$ cat final.cif   # mmCIF, C-alpha atoms and all ligand atoms
data_upload
#
loop_
_atom_site.label_atom_id
_atom_site.label_comp_id
_atom_site.auth_asym_id
_atom_site.auth_seq_id
_atom_site.Cartn_x
_atom_site.Cartn_y
_atom_site.Cartn_z
CA ALA A 159 2.30 4.25 -25.03
CA SER A 160 2.18 7.99 -25.48
CA THR A 161 -1.11 8.13 -23.60
CA ILE A 162 -1.79 6.58 -20.22
CA ASN A 163 -5.23 5.04 -19.97
CA LEU A 164 -5.85 5.54 -16.25
CA ALA A 165 -8.62 4.23 -14.02
CA VAL A 166 -9.30 6.40 -10.99
CA ILE A 167 -11.14 5.09 -7.92
CA PRO A 168 -11.31 7.93 -5.39
CA GLY A 169 -13.42 5.98 -2.88
CA ASP A 170 -14.60 7.20 0.51
CA GLY A 171 -13.67 9.68 3.20
CA ILE A 172 -10.40 11.44 2.46
CA GLY A 173 -9.95 9.28 -0.67
CA PRO A 174 -11.42 11.85 -3.09
CA GLU A 175 -9.56 14.70 -1.35
CA VAL A 176 -6.12 13.10 -1.67
CA ILE A 177 -6.77 11.74 -5.16
CA ALA A 178 -7.62 15.22 -6.42
CA GLU A 179 -4.13 16.32 -5.38
CA ALA A 180 -2.44 13.22 -6.78
CA LEU A 181 -4.12 13.89 -10.13
CA LYS A 182 -3.05 17.53 -10.02
CA VAL A 183 0.58 16.43 -9.71
CA LEU A 184 0.29 13.45 -12.07
CA GLU A 185 -1.30 15.56 -14.82
CA LYS A 186 1.49 18.10 -14.61
CA ALA A 187 4.22 15.44 -14.48
CA VAL A 188 3.02 13.54 -17.56
CA ALA A 189 2.32 16.71 -19.53
CA ALA A 190 5.97 17.69 -19.03
CA GLU A 191 6.97 14.39 -20.65
CA GLY A 192 4.64 14.93 -23.58
CA VAL A 193 2.53 11.99 -22.46
CA GLY A 194 -1.26 12.03 -22.54
CA LEU A 195 -3.46 11.06 -19.61
CA GLU A 196 -6.91 9.68 -20.29
CA GLN A 197 -8.92 9.24 -17.10
CA THR A 198 -11.94 7.11 -16.33
CA HIS A 199 -13.38 7.67 -12.87
CA TYR A 200 -15.24 4.90 -11.06
CA LYS A 201 -17.67 5.33 -8.22
CA LEU A 202 -16.95 2.51 -5.80
CA GLY A 203 -16.71 2.14 -2.05
CA ALA A 204 -18.83 2.32 1.10
CA GLU A 205 -20.86 5.35 0.03
CA HIS A 206 -21.52 3.73 -3.33
CA TRP A 207 -22.63 0.53 -1.58
CA LEU A 208 -25.01 2.46 0.66
CA ALA A 209 -26.51 4.15 -2.40
CA THR A 210 -26.68 1.11 -4.72
CA GLY A 211 -25.87 -2.11 -2.88
CA GLU A 212 -23.02 -2.71 -5.32
CA THR A 213 -19.52 -3.67 -4.23
CA LEU A 214 -17.60 -4.48 -7.43
CA PRO A 215 -19.83 -5.66 -10.27
CA ASP A 216 -18.24 -8.02 -12.83
CA GLU A 217 -18.76 -5.49 -15.65
CA VAL A 218 -16.83 -2.88 -13.70
CA LEU A 219 -14.01 -5.31 -12.99
CA ALA A 220 -13.91 -6.21 -16.70
CA ASP A 221 -13.78 -2.53 -17.61
CA LEU A 222 -10.95 -1.90 -15.14
CA ARG A 223 -8.96 -4.66 -16.82
CA THR A 224 -8.82 -2.60 -20.00
CA ARG A 225 -6.89 0.24 -18.30
CA ASP A 226 -3.12 0.64 -18.03
CA ALA A 227 -3.19 1.21 -14.28
CA ILE A 228 -5.48 2.12 -11.41
CA LEU A 229 -5.06 5.05 -9.04
CA PHE A 230 -6.96 4.28 -5.85
CA GLY A 231 -7.78 6.56 -2.90
CA ALA A 232 -9.22 4.69 0.06
CA VAL A 233 -12.45 2.91 0.89
CA GLY A 234 -14.31 2.01 4.02
CA ALA A 235 -16.72 3.39 6.54
CA ALA A 236 -15.90 4.70 9.99
CA PRO A 237 -15.13 1.79 12.35
CA GLY A 238 -18.25 2.61 14.43
CA ASP A 239 -20.60 3.12 11.47
CA THR A 240 -23.47 0.66 11.89
CA ARG A 241 -25.00 1.29 8.46
CA ILE A 242 -22.49 -0.98 6.79
CA PRO A 243 -21.13 -4.27 8.16
CA SER A 244 -17.38 -4.15 8.61
CA GLY A 245 -15.49 -6.03 5.93
CA ILE A 246 -17.98 -5.93 3.06
CA ILE A 247 -16.24 -3.19 1.13
CA GLU A 248 -12.76 -4.27 2.16
CA ARG A 249 -13.31 -7.88 1.14
CA GLU A 250 -15.70 -7.61 -1.79
CA MET A 251 -14.18 -4.59 -3.39
CA LEU A 252 -10.60 -3.77 -2.37
CA LEU A 253 -9.36 -7.32 -1.78
CA LYS A 254 -11.37 -8.55 -4.75
CA LEU A 255 -9.45 -6.10 -6.91
CA ARG A 256 -6.09 -7.18 -5.48
CA PHE A 257 -6.90 -10.88 -5.89
CA SER A 258 -8.65 -10.73 -9.29
CA LEU A 259 -5.94 -8.59 -10.83
CA ASP A 260 -3.27 -10.80 -9.23
CA HIS A 261 -1.50 -8.03 -7.33
CA TYR A 262 0.96 -10.37 -5.72
CA VAL A 263 3.58 -7.75 -4.92
CA ASN A 264 2.27 -5.23 -2.43
CA LEU A 265 5.18 -2.80 -2.55
CA ARG A 266 5.46 -0.37 0.35
CA PRO A 267 8.56 1.84 0.43
CA SER A 268 9.57 3.62 3.63
CA ARG A 269 11.97 6.52 3.54
CA LEU A 270 12.68 9.21 6.05
CA PHE A 271 13.03 12.48 4.18
CA GLY A 272 15.59 14.62 5.98
CA THR A 273 15.29 14.53 9.74
CA VAL A 274 11.86 16.04 10.06
CA GLY A 275 8.81 14.09 10.92
CA SER A 276 9.99 10.99 12.72
CA PRO A 277 8.77 10.47 16.27
CA LEU A 278 12.06 8.66 16.97
CA ALA A 279 14.75 10.65 18.79
CA ASN A 280 17.59 9.24 16.67
CA PRO A 281 16.00 7.72 13.60
CA GLY A 282 19.20 7.59 11.54
CA THR A 283 18.85 6.93 7.82
CA ILE A 284 15.67 5.03 7.04
CA ASP A 285 15.30 3.70 3.53
CA PHE A 286 13.72 0.30 3.14
CA ILE A 287 10.97 -1.35 1.16
CA VAL A 288 8.45 -3.87 2.34
CA VAL A 289 7.48 -6.47 -0.23
CA ARG A 290 4.22 -7.66 1.23
CA GLU A 291 2.56 -10.70 -0.32
CA GLY A 292 -0.76 -9.48 -1.72
CA THR A 293 -2.92 -12.40 -2.76
CA GLU A 294 -2.70 -15.06 -0.04
CA GLY A 295 -2.23 -15.50 3.70
CA PRO A 296 -5.06 -14.95 6.17
CA TYR A 297 -6.66 -12.52 3.68
CA VAL A 298 -8.17 -15.17 1.42
CA GLY A 299 -11.40 -15.55 3.39
CA ASN A 300 -10.70 -19.19 4.11
CA GLY A 301 -12.64 -19.63 7.31
CA GLY A 302 -16.03 -19.69 8.86
CA THR A 303 -18.01 -19.76 11.99
CA LEU A 304 -19.94 -22.53 13.68
CA ARG A 305 -22.75 -21.98 16.18
CA ALA A 306 -22.46 -18.24 15.65
CA GLY A 307 -23.67 -16.08 18.48
CA THR A 308 -23.76 -18.92 20.99
CA PRO A 309 -21.33 -19.46 23.87
CA HIS A 310 -20.01 -22.38 21.81
CA GLU A 311 -19.14 -20.37 18.74
CA VAL A 312 -16.05 -21.50 16.86
CA ALA A 313 -14.45 -19.14 14.35
CA THR A 314 -11.61 -20.08 12.02
CA GLU A 315 -9.54 -17.91 9.69
CA VAL A 316 -7.10 -20.13 7.87
CA SER A 317 -3.99 -18.66 6.28
CA LEU A 318 -3.36 -19.92 2.76
CA ASN A 319 0.23 -20.12 1.51
CA THR A 320 1.15 -21.77 -1.77
CA ALA A 321 4.63 -22.64 -3.00
CA HIS A 322 3.84 -20.71 -6.19
CA GLY A 323 2.59 -17.66 -4.30
CA VAL A 324 5.45 -17.55 -1.82
CA GLU A 325 8.13 -18.19 -4.40
CA ARG A 326 7.08 -15.44 -6.79
CA VAL A 327 6.97 -12.77 -4.12
CA VAL A 328 10.24 -13.90 -2.53
CA ARG A 329 11.94 -13.83 -5.93
CA ASP A 330 10.59 -10.33 -6.49
CA ALA A 331 12.08 -9.23 -3.15
CA PHE A 332 15.50 -10.63 -4.08
CA ARG A 333 15.35 -8.96 -7.50
CA ARG A 334 14.57 -5.64 -5.88
CA ALA A 335 17.33 -6.14 -3.31
CA SER A 336 19.80 -6.99 -6.05
CA ALA A 337 19.10 -3.61 -7.67
CA ARG A 338 19.59 -1.70 -4.41
CA GLU A 339 22.78 -0.54 -2.79
CA ARG A 340 22.77 -2.68 0.32
CA LYS A 341 21.38 -5.83 -1.34
CA HIS A 342 19.86 -7.31 1.78
CA VAL A 343 16.62 -9.21 2.31
CA THR A 344 14.98 -9.79 5.68
CA LEU A 345 12.27 -12.40 5.86
CA VAL A 346 9.75 -11.53 8.55
CA HIS A 347 7.48 -14.32 9.73
CA LYS A 348 6.71 -16.29 12.88
CA HIS A 349 7.99 -19.76 12.07
CA ASN A 350 8.41 -20.60 15.75
CA VAL A 351 4.62 -20.78 16.02
CA LEU A 352 3.22 -20.78 12.49
CA VAL A 353 5.35 -23.76 11.57
CA PHE A 354 3.67 -24.89 8.36
CA ALA A 355 3.56 -21.58 6.54
CA GLY A 356 6.69 -20.37 8.32
CA HIS A 357 8.78 -23.26 7.13
CA LEU A 358 7.50 -22.87 3.57
CA TRP A 359 8.57 -19.21 3.61
CA LYS A 360 11.95 -20.00 5.19
CA ARG A 361 12.75 -22.82 2.77
CA THR A 362 11.69 -20.69 -0.16
CA VAL A 363 13.93 -17.82 0.90
CA ASP A 364 16.89 -20.18 1.34
CA ALA A 365 16.28 -21.67 -2.10
CA VAL A 366 15.73 -18.40 -3.98
CA ALA A 367 18.78 -16.89 -2.24
CA GLN A 368 20.94 -19.39 -4.17
CA GLU A 369 20.00 -17.55 -7.37
CA PHE A 370 21.20 -14.24 -5.92
CA PRO A 371 24.69 -14.76 -4.48
CA GLU A 372 25.18 -10.98 -4.32
CA VAL A 373 22.21 -10.57 -1.95
CA THR A 374 22.56 -11.29 1.78
CA HIS A 375 19.58 -12.33 3.84
CA ASP A 376 18.46 -12.80 7.40
CA TYR A 377 15.32 -13.64 9.32
CA LEU A 378 13.28 -12.00 12.08
CA HIS A 379 10.20 -13.15 13.90
CA VAL A 380 7.54 -10.50 13.41
CA ASP A 381 7.40 -9.53 17.08
CA ALA A 382 11.13 -8.83 17.14
CA ALA A 383 10.84 -7.02 13.81
CA THR A 384 8.54 -4.46 15.46
CA ILE A 385 11.22 -3.81 18.10
CA PHE A 386 13.92 -3.17 15.50
CA MET A 387 11.63 -1.04 13.38
CA VAL A 388 11.51 1.38 16.30
CA THR A 389 14.98 0.94 17.84
CA ASP A 390 17.07 0.42 14.70
CA PRO A 391 15.08 0.97 11.49
CA SER A 392 18.29 1.63 9.53
CA ARG A 393 19.04 -2.10 9.58
CA PHE A 394 16.31 -2.84 7.05
CA ASP A 395 16.77 -2.82 3.28
CA VAL A 396 14.16 -5.15 1.76
CA ILE A 397 11.63 -6.88 3.98
CA VAL A 398 9.62 -9.73 2.52
CA THR A 399 6.65 -10.95 4.47
CA ASP A 400 3.16 -12.35 4.36
CA ASN A 401 -0.02 -10.38 3.75
CA LEU A 402 -1.07 -9.76 7.36
CA PHE A 403 2.37 -9.17 8.89
CA GLY A 404 3.05 -6.79 6.00
CA ASP A 405 -0.14 -4.87 6.66
CA ILE A 406 0.74 -4.30 10.30
CA LEU A 407 4.45 -3.62 9.77
CA THR A 408 3.82 -1.00 7.09
CA ASP A 409 1.58 1.13 9.30
CA LEU A 410 4.40 1.05 11.87
CA ALA A 411 6.95 1.80 9.16
CA ALA A 412 4.83 4.76 8.09
CA ALA A 413 4.68 6.06 11.64
CA VAL A 414 8.47 5.99 12.13
CA THR A 415 9.10 7.72 8.81
CA GLY A 416 6.93 10.75 9.41
CA GLY A 417 3.40 9.48 9.46
CA ILE A 418 0.76 7.57 7.61
CA GLY A 419 0.12 10.62 5.42
CA LEU A 420 3.41 9.97 3.62
CA ALA A 421 3.24 6.22 2.99
CA ALA A 422 2.66 5.09 -0.60
CA SER A 423 2.01 1.66 -2.02
CA GLY A 424 1.68 -0.29 -5.20
CA ASN A 425 -0.37 -3.44 -5.69
CA ILE A 426 1.65 -4.84 -8.52
CA ASN A 427 1.06 -7.62 -10.99
CA MET A 428 4.67 -8.17 -12.05
CA ASP A 429 3.61 -10.46 -14.90
CA ARG A 430 1.50 -7.63 -16.34
CA THR A 431 -1.46 -9.89 -17.02
CA ALA A 432 -3.72 -7.20 -15.52
CA PRO A 433 -3.40 -3.55 -14.48
CA SER A 434 -1.59 -2.76 -11.25
CA MET A 435 -3.11 -0.47 -8.64
CA PHE A 436 -1.48 2.31 -6.67
CA GLU A 437 -2.83 3.67 -3.42
CA PRO A 438 -1.79 5.29 -0.17
CA VAL A 439 -1.23 2.85 2.70
CA HIS A 440 -3.78 4.72 4.79
CA GLY A 441 -7.55 4.30 4.86
CA SER A 442 -10.50 6.63 4.43
CA ALA A 443 -9.75 8.43 7.74
CA PRO A 444 -13.38 9.19 8.60
CA ASP A 445 -12.20 11.24 11.59
CA ILE A 446 -10.78 13.97 9.35
CA ALA A 447 -12.74 13.45 6.12
CA GLY A 448 -14.24 16.44 4.33
CA GLN A 449 -12.13 18.93 6.26
CA GLN A 450 -9.15 19.37 3.95
CA LYS A 451 -6.94 18.09 6.76
CA ALA A 452 -5.60 14.96 5.07
CA ASP A 453 -2.02 14.86 3.87
CA PRO A 454 -2.12 14.01 0.14
CA THR A 455 1.59 13.15 0.00
CA ALA A 456 1.02 9.39 0.23
CA ALA A 457 -1.38 9.53 -2.72
CA ILE A 458 1.06 11.71 -4.69
CA LEU A 459 3.94 9.29 -4.03
CA SER A 460 1.65 6.44 -5.08
CA ALA A 461 1.20 8.21 -8.41
CA ALA A 462 5.01 8.23 -8.71
CA LEU A 463 5.08 4.46 -8.13
CA LEU A 464 2.44 4.17 -10.85
CA LEU A 465 4.63 6.08 -13.30
CA ASP A 466 7.59 3.87 -12.39
CA HIS A 467 5.57 0.77 -13.13
CA LEU A 468 4.46 2.13 -16.52
CA GLY A 469 8.05 2.92 -17.48
CA TYR A 470 8.12 6.66 -16.82
CA ALA A 471 10.94 6.59 -14.28
CA GLY A 472 12.05 10.13 -15.11
CA ALA A 473 8.66 11.60 -14.29
CA ALA A 474 8.47 9.47 -11.15
CA ARG A 475 11.83 10.76 -9.89
CA LYS A 476 10.67 14.36 -10.51
CA ILE A 477 7.57 13.81 -8.38
CA GLU A 478 9.69 12.28 -5.64
CA ALA A 479 12.09 15.20 -5.73
CA ALA A 480 9.20 17.66 -5.50
CA VAL A 481 7.79 15.76 -2.53
CA ILE A 482 11.15 15.63 -0.76
CA ALA A 483 11.62 19.38 -1.25
CA ASP A 484 8.18 20.00 0.19
CA VAL A 485 8.49 17.59 3.13
CA GLU A 486 11.92 18.87 4.14
CA ASN A 487 10.59 22.39 4.33
CA ARG A 488 7.58 21.59 6.46
CA ASP A 489 7.52 23.58 9.68
CA GLY A 490 4.62 21.81 11.34
CA GLY A 491 2.17 24.55 10.40
CA ALA A 492 -1.25 23.38 9.24
CA ARG A 493 -1.88 23.44 5.49
CA THR A 494 -4.96 22.32 3.65
CA THR A 495 -4.90 19.16 1.54
CA SER A 496 -5.05 21.23 -1.63
CA ALA A 497 -2.34 23.63 -0.43
CA VAL A 498 0.05 20.68 -0.06
CA GLY A 499 -0.91 19.44 -3.53
CA ASP A 500 -0.39 22.91 -4.98
CA ALA A 501 3.03 23.24 -3.34
CA ILE A 502 4.22 19.88 -4.65
CA ALA A 503 2.83 20.57 -8.12
CA ALA A 504 4.60 23.95 -8.10
CA ALA A 505 7.89 22.32 -7.05
CA LEU A 506 7.77 19.90 -9.98
P1 LIG B 601 -7.00 5.11 8.59
O1 LIG B 601 -5.70 4.90 7.92
O2 LIG B 601 -8.14 5.54 7.73
O3 LIG B 601 -6.82 6.17 9.77
C1 LIG B 601 -5.94 5.96 10.88
C2 LIG B 601 -5.51 7.32 11.45
O4 LIG B 601 -4.60 7.95 10.54
C3 LIG B 601 -6.67 8.30 11.62
O5 LIG B 601 -6.47 9.07 12.78
C4 LIG B 601 -6.58 9.19 10.39
O6 LIG B 601 -7.08 10.50 10.56
C5 LIG B 601 -5.06 9.22 10.14
N1 LIG B 601 -4.78 9.42 8.71
C6 LIG B 601 -4.97 8.51 7.73
N2 LIG B 601 -4.61 9.03 6.55
C7 LIG B 601 -4.18 10.28 6.78
C8 LIG B 601 -3.69 11.33 5.93
N3 LIG B 601 -3.54 11.18 4.61
N4 LIG B 601 -3.34 12.49 6.51
C9 LIG B 601 -3.46 12.66 7.84
N5 LIG B 601 -3.92 11.72 8.68
C10 LIG B 601 -4.28 10.54 8.16
O7 LIG B 601 -7.35 3.73 9.33
P2 LIG B 601 -8.70 3.25 10.09
O8 LIG B 601 -9.26 4.39 10.87
O9 LIG B 601 -8.32 2.02 10.77
O10 LIG B 601 -9.70 2.87 8.93
C11 LIG B 601 -10.76 3.71 8.44
C12 LIG B 601 -11.46 2.99 7.31
O11 LIG B 601 -10.56 2.86 6.20
C13 LIG B 601 -11.90 1.55 7.66
O12 LIG B 601 -13.16 1.35 7.05
C14 LIG B 601 -10.83 0.69 7.05
O13 LIG B 601 -11.29 -0.60 6.71
C15 LIG B 601 -10.49 1.48 5.81
N6 LIG B 601 -9.14 1.26 5.28
C16 LIG B 601 -9.04 1.27 3.93
C17 LIG B 601 -7.79 1.19 3.33
C18 LIG B 601 -7.71 1.22 1.86
O14 LIG B 601 -8.64 1.63 1.21
N7 LIG B 601 -6.62 0.80 1.27
C19 LIG B 601 -6.65 1.12 4.12
C20 LIG B 601 -6.79 1.13 5.52
C21 LIG B 601 -8.05 1.22 6.09
C1 LIG B 602 -4.26 -1.64 3.69
C2 LIG B 602 -5.58 -1.85 4.39
C3 LIG B 602 -6.28 -3.07 3.82
C4 LIG B 602 -5.38 -4.27 4.11
C5 LIG B 602 -7.70 -3.34 4.34
C6 LIG B 602 -8.58 -2.12 4.27
C7 LIG B 602 -8.33 -4.48 3.59
O1 LIG B 602 -5.39 -1.92 5.77
O2 LIG B 602 -4.27 -1.43 2.47
O3 LIG B 602 -3.23 -1.64 4.36
O4 LIG B 602 -5.47 -4.84 5.22
O5 LIG B 602 -4.61 -4.63 3.23
MN MN B 603 -3.37 -1.51 6.38
#
$ encode --input "final.cif" --output "structure tokens" --more "lines below"
Ligand code: NAD
Ligand code: IPM
Ligand code: MN
Amino acid sequence: ASTINLAVIPGDGIGPEVIAEALKVLEKAVAAEGVGLEQTHYKLGAEHWLATGETLPDEVLADLRTRDAILFGAVGAAPGDTRIPSGIIEREMLLKLRFSLDHYVNLRPSRLFGTVGSPLANPGTIDFIVVREGTEGPYVGNGGTLRAGTPHEVATEVSLNTAHGVERVVRDAFRRASARERKHVTLVHKHNVLVFAGHLWKRTVDAVAQEFPEVTHDYLHVDAATIFMVTDPSRFDVIVTDNLFGDILTDLAAAVTGGIGLAASGNINMDRTAPSMFEPVHGSAPDIAGQQKADPTAAILSAALLLDHLGYAGAARKIEAAVIADVENRDGGARTTSAVGDAIAAAL
């Protein structure tokens, strides 16, 4: 298409601040390609829920389905905010989007740009991607509580893993590895304890690996994976893992590659039966919201992932190059959110 029909969900907290910068850069990048950008903005999130009681109405979901892609900021209230029960927005809006639109590949790249920014003394070269399963695992809401509030309360949270769901995300990880230089997949799980799901994942990796003789693979328990992510992050190329392990590992991956303000993600429907959604890994950061302190780089890199998905790889690479130039020249001095956006837009 010569025009991108984009849905924009800025959300809460720093969401609108970082999305404003991502749009600044995205608008300039697509204009340079002669591509149009038609935007529809949606008010959704914790603030919207407080004002209206709505999480994600069916009509809004249906409308979102008509767009080419979704650019998402962040949603959620401050962890101590008592006006809104924890989990409502996350489950009924963000996860509902990921599940309804079948975002089974939660793609989270981690790269260390230059040597600046890592808290590790000798980070080495860090360039890996996490392919996090996005529609299953302990995220499905398969659980409940008995005798709530009593000393005999029993709470369950059952992880759901289907052969179909595991196989499609594992195959995606091998495909991505096959296209990369090192062609290596690491399955991260915990099959020594989570034997049912763990064995399904392990068997699936062994089976799918047969289709990709050029790709090597190994396995790490998730606890050991956190050690290596800090002591030897260069060993990773493509990590494939379940929804919850992937959530935790990618915040750690962000921290070792310069901070959560740089970490981008795509919630991708590889079958293209619905629009994919691109968002920073971070949340609404209530502690710094409204102060122009947030780093918009993660949102800007998420816009590059969005362009990649829609087939505008050239524009995506230009955004990445502009980000790298900006990040490598950072001297630790404080800049406002919009100053960072301006600098990256100028470097395009
Ligand atoms: P968070 O990611 O919002 O913040 C964690 C820490 O990182 C905070 O100190 C914050 O200031 C900092 N930080 C985050 N983004 C930053 C940026 N761009 N630049 C500089 N610093 C940044 O995680 P949290 O505090 O656990 O969650 C806050 C709310 O966000 C919760 O309601 C949570 O459910 C929600 N959340 C939403 C998403 C999402 O929308 N995808 C993701 C994570 C958390
Ligand atoms: C993320 C967030 C979400 C997740 C929450 C807010 C539902 O932490 O995008 O990483 O756990 O996936
Ligand atoms: Mn997370």
$ residues_around --input "final.cif" --residues "Ile172 of chain A" --least-positions-apart "2" --cutoff "6 Å" --atoms "only C-alpha atoms" --output "list in words"
Pro174, Glu175, Ser442 and Ala447 of chain A
$ residues_near_ligand --input "final.cif" --ligand "ligand MN 603 (chain B)" --cutoff "10 Å" --atoms "all atoms listed in the file" --output "list in words"
Asn401, Leu402, Phe403, Gly404, Asp405, Ile406, Leu407, Thr408, Asp409, Leu410, Pro438, Val439, His440 and Gly441 of chain A
$ residues_near_point --input "final.cif" --point "(-8.8, 18.7, 8.8)" --cutoff "12 Å" --atoms "all atoms listed in the file" --output "VMD selection string"
chain A and resid 171 to 172 175 443 to 454 492 to 496
$ closest_residue --input "final.cif" --among "A:Gly323, A:Pro237, A:Gly231, A:Gly275" --to "Thr415 of chain A" --atoms "only C-alpha atoms"
A:Gly275
$ closest_residue --input "final.cif" --among "A:Asp400, A:Asp260, A:Asp221, A:Asp500" --to "Ala355 of chain A" --atoms "only C-alpha atoms"
A:Asp400
$ closest_residue --input "final.cif" --among "A:Thr374, A:Thr399, A:Asn163, A:Ser434" --to "Lys360 of chain A" --atoms "all atoms listed in the file"
A:Thr399
$ closest_atom_pairs --input "final.cif" --of "segment 266-324 of chain A" --to "segment 378-397 of chain A" --cutoff "12 Å" --atoms "only C-alpha atoms" --output "JSON lines"
{"residue": "A:Arg266", "atom": "CA", "partner": "A:Ile397", "partner_atom": "CA", "distance": 9.7}
{"residue": "A:Pro267", "atom": "CA", "partner": "A:Val396", "partner_atom": "CA", "distance": 9.1}
{"residue": "A:Ser268", "atom": "CA", "partner": "A:Asp395", "partner_atom": "CA", "distance": 9.7}
{"residue": "A:Arg269", "atom": "CA", "partner": "A:Ser392", "partner_atom": "CA", "distance": 10.0}
{"residue": "A:Leu270", "atom": "CA", "partner": "A:Ser392", "partner_atom": "CA", "distance": 10.1}
{"residue": "A:Ser276", "atom": "CA", "partner": "A:Val388", "partner_atom": "CA", "distance": 10.4}
{"residue": "A:Pro277", "atom": "CA", "partner": "A:Val388", "partner_atom": "CA", "distance": 9.5}
{"residue": "A:Leu278", "atom": "CA", "partner": "A:Val388", "partner_atom": "CA", "distance": 7.3}
{"residue": "A:Ala279", "atom": "CA", "partner": "A:Thr389", "partner_atom": "CA", "distance": 9.8}
{"residue": "A:Asn280", "atom": "CA", "partner": "A:Thr389", "partner_atom": "CA", "distance": 8.8}
{"residue": "A:Pro281", "atom": "CA", "partner": "A:Pro391", "partner_atom": "CA", "distance": 7.1}
{"residue": "A:Gly282", "atom": "CA", "partner": "A:Ser392", "partner_atom": "CA", "distance": 6.4}
{"residue": "A:Thr283", "atom": "CA", "partner": "A:Ser392", "partner_atom": "CA", "distance": 5.6}
{"residue": "A:Ile284", "atom": "CA", "partner": "A:Ser392", "partner_atom": "CA", "distance": 5.0}
{"residue": "A:Asp285", "atom": "CA", "partner": "A:Asp395", "partner_atom": "CA", "distance": 6.7}
{"residue": "A:Phe286", "atom": "CA", "partner": "A:Asp395", "partner_atom": "CA", "distance": 4.4}
{"residue": "A:Ile287", "atom": "CA", "partner": "A:Val396", "partner_atom": "CA", "distance": 5.0}
{"residue": "A:Val288", "atom": "CA", "partner": "A:Ile397", "partner_atom": "CA", "distance": 4.7}
{"residue": "A:Val289", "atom": "CA", "partner": "A:Ile397", "partner_atom": "CA", "distance": 5.9}
{"residue": "A:Arg290", "atom": "CA", "partner": "A:Ile397", "partner_atom": "CA", "distance": 7.9}
{"residue": "A:Glu291", "atom": "CA", "partner": "A:Ile397", "partner_atom": "CA", "distance": 10.7}
$ atom_distance --input "final.cif" --atom1 "atom CA of Arg361 of chain A" --atom2 "atom CA of Met435 of chain A"
29.7 Å
$ residues_near_point --input "final.cif" --point "(7.5, 9.1, -3.9)" --cutoff "9 Å" --atoms "only C-alpha atoms" --output "ChimeraX atom specification"
/A:267,420-422,455-463,474-475,477-482
$ atom_distance --input "final.cif" --atom1 "atom CA of Arg326 of chain A" --atom2 "atom CA of Val366 of chain A"
9.6 Å
$ closest_residue --input "final.cif" --among "A:Arg430, A:Arg338, A:His357, A:Lys254" --to "ligand LIG 602 (chain B)" --atoms "all atoms listed in the file"
A:Lys254
$ atom_distance --input "final.cif" --atom1 "atom O2 of ligand LIG 601 (chain B)" --atom2 "atom CA of Ala232 of chain A"
7.8 Å
$ closest_residue --input "final.cif" --among "A:Trp359, A:Glu486, A:Glu212, A:Arg334" --to "Glu250 of chain A" --atoms "all atoms listed in the file"
A:Glu212
$ closest_residue --input "final.cif" --among "A:Leu181, A:Ile418, A:Ala503, A:Val328" --to "ligand LIG 601 (chain B)" --atoms "all atoms listed in the file"
A:Ile418
$ residues_around --input "final.cif" --residues "Pro371 of chain A" --least-positions-apart "4" --cutoff "12 Å" --atoms "all atoms listed in the file" --output "list in words"
Phe332, Arg333, Ala335, Ser336, Lys341, His342, Val343, Asp364, Ala365, Val366, Ala367 and His375 of chain A
$ residues_around --input "final.cif" --residues "Ala473 of chain A" --least-positions-apart "6" --cutoff "12 Å" --atoms "only C-alpha atoms" --output "list in words"
Val183, Leu184, Glu185, Lys186, Ala187, Val188, Ala189, Ala190, Glu191, Gly192, Val193, Leu459, Ala461, Ala462, Leu463, Leu464, Leu465, Asp466, His467, Ala479, Ala480 and Leu506 of chain A
